[in-house]
file protein.cif (mmCIF, C-alpha atoms)
data_upload
loop_
_atom_site.group_PDB
_atom_site.id
_atom_site.type_symbol
_atom_site.label_atom_id
_atom_site.label_comp_id
_atom_site.auth_asym_id
_atom_site.auth_seq_id
_atom_site.Cartn_x
_atom_site.Cartn_y
_atom_site.Cartn_z
ATOM 1 C CA MET A 5 0.000 0.000 0.000
ATOM 2 C CA SER A 6 1.306 3.450 -0.930
ATOM 3 C CA ASP A 7 2.931 5.372 1.915
ATOM 4 C CA ASP A 8 1.563 8.695 0.678
ATOM 5 C CA VAL A 9 -2.079 7.706 1.138
ATOM 6 C CA VAL A 10 -3.840 9.963 3.644
ATOM 7 C CA TRP A 11 -6.569 8.404 5.772
ATOM 8 C CA GLN A 12 -9.392 10.133 7.594
ATOM 9 C CA CYS A 13 -11.150 8.589 10.580
ATOM 10 C CA LEU A 14 -14.946 8.746 10.465
ATOM 11 C CA ILE A 15 -17.678 7.805 12.925
ATOM 12 C CA SER A 16 -21.460 8.026 12.812
ATOM 13 C CA GLU A 17 -23.160 10.879 14.637
ATOM 14 C CA PRO A 18 -26.394 9.542 16.131
ATOM 15 C CA GLU A 19 -29.183 11.932 17.027
ATOM 16 C CA GLY A 20 -28.298 13.604 20.297
ATOM 17 C CA SER A 21 -24.585 13.895 19.522
ATOM 18 C CA ILE A 22 -23.012 17.325 19.908
ATOM 19 C CA ARG A 23 -19.470 17.546 18.563
ATOM 20 C CA LEU A 24 -17.099 19.253 20.988
ATOM 21 C CA PRO A 25 -14.684 21.810 19.450
ATOM 22 C CA VAL A 26 -11.421 20.137 20.497
ATOM 23 C CA GLY A 27 -8.299 21.656 18.981
ATOM 24 C CA GLN A 28 -10.160 24.587 17.444
ATOM 25 C CA GLY A 29 -9.130 27.293 19.897
ATOM 26 C CA LEU A 30 -12.681 28.605 20.282
ATOM 27 C CA ASP A 31 -14.085 30.633 23.153
ATOM 28 C CA LEU A 32 -15.815 27.754 24.934
ATOM 29 C CA LYS A 33 -18.367 29.941 26.727
ATOM 30 C CA GLY A 34 -19.581 31.475 23.472
ATOM 31 C CA TRP A 35 -19.467 28.148 21.649
ATOM 32 C CA SER A 36 -21.383 26.301 24.384
ATOM 33 C CA GLU A 37 -24.131 28.928 24.533
ATOM 34 C CA GLN A 38 -24.617 28.712 20.771
ATOM 35 C CA ALA A 39 -24.489 24.880 20.821
ATOM 36 C CA ALA A 40 -27.108 24.716 23.585
ATOM 37 C CA MET A 41 -29.393 27.108 21.686
ATOM 38 C CA THR A 42 -28.941 25.139 18.454
ATOM 39 C CA TYR A 43 -29.768 21.877 20.201
ATOM 40 C CA LEU A 44 -32.622 23.001 22.453
ATOM 41 C CA GLY A 45 -34.002 25.807 20.297
ATOM 42 C CA ALA A 46 -34.097 29.547 20.971
ATOM 43 C CA THR A 47 -37.471 29.268 22.722
ATOM 44 C CA ALA A 48 -36.215 26.768 25.337
ATOM 45 C CA PRO A 49 -36.372 27.906 28.985
ATOM 46 C CA ARG A 50 -33.314 29.958 29.937
ATOM 47 C CA THR A 51 -32.517 27.632 32.835
ATOM 48 C CA GLU A 52 -32.276 24.682 30.415
ATOM 49 C CA LEU A 53 -30.137 26.660 27.969
ATOM 50 C CA ARG A 54 -27.771 27.840 30.718
ATOM 51 C CA GLY A 55 -27.543 24.374 32.265
ATOM 52 C CA LEU A 56 -26.704 22.612 29.009
ATOM 53 C CA ALA A 57 -24.266 25.357 27.978
ATOM 54 C CA ARG A 58 -22.428 25.101 31.292
ATOM 55 C CA VAL A 59 -22.045 21.319 31.003
ATOM 56 C CA LEU A 60 -20.947 21.502 27.349
ATOM 57 C CA ALA A 61 -18.279 24.099 28.181
ATOM 58 C CA GLN A 62 -16.947 21.902 31.005
ATOM 59 C CA LEU A 63 -16.882 18.799 28.807
ATOM 60 C CA ALA A 64 -15.171 20.634 25.954
ATOM 61 C CA ALA A 65 -12.467 21.932 28.299
ATOM 62 C CA SER A 66 -11.982 18.473 29.808
ATOM 63 C CA SER A 67 -11.807 16.745 26.409
ATOM 64 C CA GLU A 68 -9.252 19.287 25.216
ATOM 65 C CA LEU A 69 -6.842 18.017 27.875
ATOM 66 C CA SER A 70 -6.795 14.469 26.486
ATOM 67 C CA SER A 71 -6.233 15.632 22.876
ATOM 68 C CA PRO A 72 -8.696 13.321 21.110
ATOM 69 C CA THR A 73 -9.075 13.286 17.335
ATOM 70 C CA PHE A 74 -12.674 14.256 18.002
ATOM 71 C CA ALA A 75 -15.134 14.139 20.883
ATOM 72 C CA TYR A 76 -18.888 14.308 21.391
ATOM 73 C CA ALA A 77 -21.382 14.911 24.166
ATOM 74 C CA TYR A 78 -24.417 12.661 23.921
ATOM 75 C CA VAL A 79 -27.681 14.296 24.990
ATOM 76 C CA VAL A 80 -30.976 12.542 25.599
ATOM 77 C CA ASP A 81 -33.953 14.605 24.445
ATOM 78 C CA ALA A 82 -36.310 13.485 27.184
ATOM 79 C CA ALA A 83 -33.901 14.541 29.924
ATOM 80 C CA LYS A 84 -32.363 17.475 27.984
ATOM 81 C CA ALA A 85 -29.146 16.533 29.730
ATOM 82 C CA VAL A 86 -25.779 15.106 28.757
ATOM 83 C CA MET A 87 -25.828 11.364 29.366
ATOM 84 C CA ALA A 88 -22.390 10.389 28.071
ATOM 85 C CA VAL A 89 -19.227 11.561 26.365
ATOM 86 C CA TYR A 90 -17.416 9.680 23.645
ATOM 87 C CA GLU A 91 -14.020 10.352 22.119
ATOM 88 C CA VAL A 92 -11.891 8.862 19.369
ATOM 89 C CA HIS A 93 -8.121 8.782 19.797
ATOM 90 C CA ASP A 94 -5.346 7.805 17.406
ATOM 91 C CA TYR A 95 -2.191 6.305 18.928
ATOM 92 C CA ASP A 96 1.072 5.085 17.438
ATOM 93 C CA ASP A 97 1.020 1.300 17.592
ATOM 94 C CA GLU A 98 4.701 1.011 18.526
ATOM 95 C CA GLY A 99 4.805 -1.580 21.278
ATOM 96 C CA TYR A 100 1.072 -2.252 20.918
ATOM 97 C CA ASP A 101 1.028 -3.851 17.472
ATOM 98 C CA SER A 102 -0.906 -6.972 18.448
ATOM 99 C CA VAL A 103 -4.386 -7.532 19.842
ATOM 100 C CA ASP A 104 -2.865 -9.112 22.964
ATOM 101 C CA ARG A 105 -1.116 -5.805 23.792
ATOM 102 C CA LEU A 106 -4.139 -3.547 23.341
ATOM 103 C CA PRO A 107 -5.408 -3.885 26.957
ATOM 104 C CA ASP A 108 -1.980 -2.604 28.050
ATOM 105 C CA LEU A 109 -2.365 0.430 25.785
ATOM 106 C CA ILE A 110 -5.738 1.210 27.345
ATOM 107 C CA ARG A 111 -4.281 0.916 30.847
ATOM 108 C CA ASP A 112 -1.331 3.128 29.880
ATOM 109 C CA VAL A 113 -3.308 5.968 28.288
ATOM 110 C CA PHE A 114 -6.311 5.807 30.655
ATOM 111 C CA PRO A 115 -4.750 4.902 34.015
ATOM 112 C CA ALA A 116 -7.355 3.961 36.609
ATOM 113 C CA GLU A 117 -8.068 1.598 39.467
ATOM 114 C CA PRO A 118 -11.427 0.159 38.442
ATOM 115 C CA GLU A 119 -13.669 -1.786 40.766
ATOM 116 C CA SER A 120 -14.454 -4.086 37.867
ATOM 117 C CA ARG A 121 -12.898 -4.656 34.442
ATOM 118 C CA HIS A 122 -14.048 -6.992 31.665
ATOM 119 C CA ILE A 123 -11.927 -7.509 28.547
ATOM 120 C CA THR A 124 -13.174 -9.211 25.398
ATOM 121 C CA ARG A 125 -11.782 -9.551 21.887
ATOM 122 C CA VAL A 126 -13.769 -7.979 19.076
ATOM 123 C CA ALA A 127 -13.769 -8.077 15.294
ATOM 124 C CA LEU A 128 -14.976 -4.736 13.989
ATOM 125 C CA PRO A 129 -15.299 -3.586 10.361
ATOM 126 C CA THR A 130 -12.222 -1.415 10.998
ATOM 127 C CA GLY A 131 -10.116 -4.351 12.207
ATOM 128 C CA PRO A 132 -9.438 -6.709 15.118
ATOM 129 C CA GLY A 133 -9.301 -5.335 18.621
ATOM 130 C CA VAL A 134 -10.440 -5.474 22.222
ATOM 131 C CA ARG A 135 -13.309 -4.079 24.268
ATOM 132 C CA VAL A 136 -12.667 -3.066 27.872
ATOM 133 C CA GLN A 137 -15.600 -2.279 30.153
ATOM 134 C CA GLU A 138 -14.834 -0.710 33.528
ATOM 135 C CA ILE A 139 -16.627 0.715 36.543
ATOM 136 C CA ARG A 140 -14.743 2.912 38.975
ATOM 137 C CA SER A 141 -15.437 5.431 41.718
ATOM 138 C CA VAL A 142 -14.599 9.083 41.106
ATOM 139 C CA VAL A 143 -14.854 12.143 43.322
ATOM 140 C CA ALA A 144 -17.369 14.700 42.052
ATOM 141 C CA GLY A 145 -18.507 18.118 43.216
ATOM 142 C CA SER A 146 -16.468 21.244 43.881
ATOM 143 C CA LEU A 147 -17.800 22.108 47.330
ATOM 144 C CA PHE A 148 -19.067 18.884 48.852
ATOM 145 C CA LYS A 149 -16.835 16.084 47.640
ATOM 146 C CA LYS A 150 -18.739 12.879 47.062
ATOM 147 C CA LYS A 151 -17.946 9.657 45.290
ATOM 148 C CA THR A 152 -19.931 8.586 42.283
ATOM 149 C CA GLN A 153 -19.571 5.619 39.975
ATOM 150 C CA LEU A 154 -18.327 6.143 36.443
ATOM 151 C CA GLU A 155 -18.695 3.477 33.775
ATOM 152 C CA SER A 156 -16.633 3.376 30.620
ATOM 153 C CA VAL A 157 -16.320 1.153 27.606
ATOM 154 C CA THR A 158 -13.225 1.397 25.430
ATOM 155 C CA TYR A 159 -12.602 -0.179 22.047
ATOM 156 C CA ALA A 160 -9.033 -0.366 20.744
ATOM 157 C CA VAL A 161 -8.677 -1.487 17.129
ATOM 158 C CA LEU A 162 -5.783 -2.244 14.767
ATOM 159 C CA PRO A 163 -6.819 -1.066 11.278
ATOM 160 C CA PRO A 164 -4.877 -2.876 8.533
ATOM 161 C CA GLN A 165 -4.425 0.330 6.500
ATOM 162 C CA VAL A 166 -2.218 2.182 9.024
ATOM 163 C CA ASN A 167 0.357 1.589 11.756
ATOM 164 C CA ASN A 168 -1.840 3.161 14.410
ATOM 165 C CA VAL A 169 -4.367 2.107 17.003
ATOM 166 C CA LEU A 170 -7.839 3.647 16.882
ATOM 167 C CA VAL A 171 -9.437 3.987 20.306
ATOM 168 C CA LEU A 172 -13.097 4.792 20.960
ATOM 169 C CA ARG A 173 -13.928 5.559 24.587
ATOM 170 C CA MET A 174 -17.380 6.281 25.985
ATOM 171 C CA THR A 175 -18.021 7.270 29.622
ATOM 172 C CA TRP A 176 -21.074 8.027 31.764
ATOM 173 C CA THR A 177 -22.106 8.294 35.407
ATOM 174 C CA ASN A 178 -25.823 7.503 35.300
ATOM 175 C CA LEU A 179 -25.646 3.711 35.462
ATOM 176 C CA VAL A 180 -29.420 3.425 35.076
ATOM 177 C CA PHE A 181 -28.835 3.966 31.359
ATOM 178 C CA SER A 182 -25.897 1.558 31.096
ATOM 179 C CA GLU A 183 -27.653 -1.014 28.924
ATOM 180 C CA ALA A 184 -28.717 1.562 26.323
ATOM 181 C CA LEU A 185 -25.333 3.301 26.360
ATOM 182 C CA LEU A 186 -23.441 0.034 25.992
ATOM 183 C CA GLU A 187 -25.590 -0.724 22.972
ATOM 184 C CA LEU A 188 -24.865 2.742 21.569
ATOM 185 C CA SER A 189 -21.122 2.301 22.121
ATOM 186 C CA GLN A 190 -21.222 -0.954 20.160
ATOM 187 C CA THR A 191 -23.046 0.803 17.307
ATOM 188 C CA LEU A 192 -20.472 3.601 17.342
ATOM 189 C CA ALA A 193 -17.565 1.144 17.379
ATOM 190 C CA GLU A 194 -19.014 -0.670 14.383
ATOM 191 C CA SER A 195 -19.386 2.643 12.526
ATOM 192 C CA LEU A 196 -15.696 3.547 12.853
ATOM 193 C CA GLU A 197 -13.955 3.620 9.505
ATOM 194 C CA LEU A 198 -10.872 4.923 7.755
ATOM 195 C CA ALA A 199 -11.608 6.679 4.484
ATOM 196 C CA GLU A 200 -8.954 7.574 1.968
ATOM 197 C CA VAL A 201 -8.697 11.344 1.452
ATOM 198 C CA LYS A 202 -8.884 11.912 -2.288
ATOM 199 C CA LYS A 203 -6.372 14.379 -3.683
ATOM 200 C CA VAL A 204 -7.902 17.183 -5.686
#

call {"tool": "encode", "arguments": {"input": "protein.cif", "output": "structure tokens"}}
result
Amino acid sequence: MSDDVVWQCLISEPEGSIRLPVGQGLDLKGWSEQAAMTYLGATAPRTELRGLARVLAQLAASSELSSPTFAYAYVVDAAKAVMAVYEVHDYDDEGYDSVDRLPDLIRDVFPAEPESRHITRVALPTGPGVRVQEIRSVVAGSLFKKKTQLESVTYAVLPPQVNNVLVLRMTWTNLVFSEALLELSQTLAESLELAEVKKV
């Protein structure tokens, strides 16, 4: 395969997905207010608009720190609240060039001490890989510190076209919706693809 081929990573954007402006250098307050208004509509109650804008700004700032290729907030219409965040990362496969090593990559780039961890092999359209599902306790709240449970599912895949590892990670704290979000993460993982960028 030609070395000068340029590949672009794509993923589906299900209804409720709001793309976070990572790497764009935008004013997050202004962006989040506009994103909330676009999603909820200009006639939505101001408290709902302010609440969603505040959460989107926080998530965008947090995602910026982990330098993903792209990241999304997932909002459920009925609740008008962010239910999950999912990101796609692109890592050099040096040292992680086999499916057996992919759980180590996930541990290295997302260090945590989970209360539970389940690892399974997967065969996705993008390539072979692993799926790691974890639940861990995190401290939340700025004034009154309290522990809450955070669930995550991470797919790490070795696409045959490139010498990189594609990683999709989805996280949420409302475990009541775990079954639906796990199903969504599987759908997202299956939608991952590398498309050749055509030269003009």

call {"tool": "axis_aligned_box", "arguments": {"input": "protein.cif", "around": "stretch 45-52 of chain A", "padding_each_side": "4 Å", "output": "JSON"}}
result
{"center_x": -34.9, "center_y": 27.3, "center_z": 26.6, "size_x": 13.2, "size_y": 13.3, "size_z": 20.5}

call {"tool": "residues_around", "arguments": {"input": "protein.cif", "residues": "A:Glu117", "least_positions_apart": "2", "cutoff": "9 Å", "atoms": "all atoms listed in the file", "output": "number ranges by chain"}}
result
A: 115, 119-120, 140-141

call {"tool": "resolve_selection", "arguments": {"input": "protein.cif", "expression": "the PyMOL selection byres ((chain A and resi 21-36) around 8)", "output": "list of chain:residue names"}}
result
A:Glu17, A:Pro18, A:Glu19, A:Gly20, A:Glu37, A:Gln38, A:Ala39, A:Ala40, A:Leu56, A:Ala57, A:Arg58, A:Leu60, A:Ala61, A:Leu63, A:Ala64, A:Ala65, A:Ser67, A:Glu68, A:Ser71, A:Pro72, A:Thr73, A:Phe74, A:Ala75, A:Tyr76, A:Ala77, A:Tyr78, A:Val79

call {"tool": "closest_residue", "arguments": {"input": "protein.cif", "among": "A:Val89, A:Glu187, A:Val201, A:Leu109", "to": "A:Thr175", "atoms": "all atoms listed in the file"}}
result
A:Val89

call {"tool": "residues_around", "arguments": {"input": "protein.cif", "residues": "A:Arg105", "least_positions_apart": "6", "cutoff": "12 Å", "atoms": "only C-alpha atoms", "output": "PyMOL selection string"}}
result
chain A and resi 97-99+111-112+123+125+133-134+160-162+169

call {"tool": "closest_residue", "arguments": {"input": "protein.cif", "among": "A:Gln62, A:Leu186, A:Cys13, A:Leu44", "to": "A:Pro163", "atoms": "all atoms listed in the file"}}
result
A:Cys13

call {"tool": "closest_residue", "arguments": {"input": "protein.cif", "among": "A:Leu172, A:Val80, A:Ala88, A:Leu154", "to": "A:Thr130", "atoms": "all atoms listed in the file"}}
result
A:Leu172

call {"tool": "atom_distance", "arguments": {"input": "protein.cif", "atom1": "atom CA of A:Leu106", "atom2": "atom CA of A:Ala184"}}
result
25.3 Å

call {"tool": "closest_residue", "arguments": {"input": "protein.cif", "among": "A:Glu155, A:Glu194, A:Glu200, A:Glu138", "to": "A:Phe181", "atoms": "only C-alpha atoms"}}
result
A:Glu155

call {"tool": "resolve_selection", "arguments": {"input": "protein.cif", "expression": "the PyMOL selection byres ((chain A and resi 122) around 10)", "output": "MDAnalysis selection string"}}
result
chainID A and resid 120:121 123:124 135:139 157

call {"tool": "atom_distance", "arguments": {"input": "protein.cif", "atom1": "atom CA of A:Thr47", "atom2": "atom CA of A:Thr177"}}
result
28.9 Å

call {"tool": "resolve_selection", "arguments": {"input": "protein.cif", "expression": "the PyMOL selection byres ((chain A and resi 196) around 7)", "output": "list in words"}}
result
Leu14, Ile15, Thr130, Leu192, Ala193, Glu194, Ser195 and Glu197 of chain A

call {"tool": "closest_residue", "arguments": {"input": "protein.cif", "among": "A:Leu179, A:Pro49, A:Ser66, A:Asp104", "to": "A:Glu91", "atoms": "all atoms listed in the file"}}
result
A:Ser66

call {"tool": "closest_residue", "arguments": {"input": "protein.cif", "among": "A:Leu198, A:Ile110, A:Ala46, A:Val126", "to": "A:Val166", "atoms": "all atoms listed in the file"}}
result
A:Leu198

call {"tool": "atom_distance", "arguments": {"input": "protein.cif", "atom1": "atom CA of A:Val180", "atom2": "atom CA of A:Leu128"}}
result
26.8 Å

call {"tool": "build_atoms", "arguments": {"input": "protein.cif", "residues": "stretch 15-26 of chain A", "atoms": "all heavy atoms", "output": "compact mmCIF listing (two decimals), in the coordinates of the input"}}
result
# COMPACT_ATOMS: atom_id res chain seq x y z
N ILE A 15 -16.80 8.52 12.00
CA ILE A 15 -17.68 7.80 12.92
C ILE A 15 -19.08 8.37 12.74
O ILE A 15 -19.25 9.53 12.36
CB ILE A 15 -17.21 7.98 14.40
CG1 ILE A 15 -17.92 6.99 15.33
CG2 ILE A 15 -17.41 9.42 14.87
CD1 ILE A 15 -17.34 6.95 16.73
N SER A 16 -20.09 7.53 12.97
CA SER A 16 -21.46 8.03 12.81
C SER A 16 -21.78 9.02 13.93
O SER A 16 -21.16 9.01 14.99
CB SER A 16 -22.45 6.86 12.84
OG SER A 16 -22.48 6.27 14.12
N GLU A 17 -22.74 9.88 13.66
CA GLU A 17 -23.16 10.88 14.64
C GLU A 17 -24.65 10.67 14.91
O GLU A 17 -25.50 11.30 14.27
CB GLU A 17 -22.89 12.29 14.11
CG GLU A 17 -21.42 12.57 13.88
CD GLU A 17 -21.15 13.99 13.41
OE1 GLU A 17 -22.12 14.78 13.31
OE2 GLU A 17 -19.99 14.30 13.13
N PRO A 18 -24.98 9.79 15.85
CA PRO A 18 -26.39 9.54 16.13
C PRO A 18 -27.09 10.79 16.67
O PRO A 18 -26.44 11.69 17.20
CB PRO A 18 -26.35 8.42 17.18
CG PRO A 18 -25.01 8.53 17.80
CD PRO A 18 -24.09 9.02 16.73
N GLU A 19 -28.40 10.81 16.51
CA GLU A 19 -29.18 11.93 17.03
C GLU A 19 -28.90 12.10 18.51
O GLU A 19 -28.89 11.14 19.28
CB GLU A 19 -30.68 11.66 16.81
CG GLU A 19 -31.56 12.83 17.17
CD GLU A 19 -33.02 12.57 16.84
OE1 GLU A 19 -33.31 11.63 16.09
OE2 GLU A 19 -33.86 13.32 17.36
N GLY A 20 -28.66 13.33 18.91
CA GLY A 20 -28.30 13.60 20.30
C GLY A 20 -26.83 13.86 20.49
O GLY A 20 -26.39 14.24 21.57
N SER A 21 -26.02 13.66 19.43
CA SER A 21 -24.58 13.90 19.52
C SER A 21 -24.26 15.36 19.24
O SER A 21 -24.73 15.93 18.25
CB SER A 21 -23.83 13.02 18.52
OG SER A 21 -24.01 11.65 18.81
N ILE A 22 -23.47 15.95 20.09
CA ILE A 22 -23.01 17.32 19.91
C ILE A 22 -21.49 17.28 19.86
O ILE A 22 -20.84 16.92 20.84
CB ILE A 22 -23.48 18.25 21.05
CG1 ILE A 22 -25.01 18.30 21.11
CG2 ILE A 22 -22.90 19.66 20.87
CD1 ILE A 22 -25.56 19.09 22.28
N ARG A 23 -20.92 17.62 18.71
CA ARG A 23 -19.47 17.55 18.56
C ARG A 23 -18.81 18.66 19.36
O ARG A 23 -19.19 19.83 19.25
CB ARG A 23 -19.08 17.63 17.09
CG ARG A 23 -17.59 17.38 16.88
CD ARG A 23 -17.28 17.02 15.46
NE ARG A 23 -15.84 16.79 15.29
CZ ARG A 23 -15.33 16.21 14.23
NH1 ARG A 23 -16.09 15.80 13.24
NH2 ARG A 23 -14.02 16.02 14.14
N LEU A 24 -17.83 18.28 20.17
CA LEU A 24 -17.10 19.25 20.99
C LEU A 24 -15.95 19.84 20.16
O LEU A 24 -15.31 19.11 19.39
CB LEU A 24 -16.56 18.57 22.25
CG LEU A 24 -17.62 17.89 23.14
CD1 LEU A 24 -16.96 17.16 24.30
CD2 LEU A 24 -18.64 18.91 23.66
N PRO A 25 -15.66 21.14 20.32
CA PRO A 25 -14.68 21.81 19.45
C PRO A 25 -13.23 21.62 19.89
O PRO A 25 -12.50 22.59 20.09
CB PRO A 25 -15.11 23.28 19.54
CG PRO A 25 -15.61 23.41 20.95
CD PRO A 25 -16.29 22.08 21.27
N VAL A 26 -12.79 20.37 20.04
CA VAL A 26 -11.42 20.14 20.50
C VAL A 26 -10.43 20.58 19.43
O VAL A 26 -10.62 20.36 18.23
CB VAL A 26 -11.19 18.65 20.87
CG1 VAL A 26 -11.99 18.27 22.08
CG2 VAL A 26 -11.52 17.73 19.70
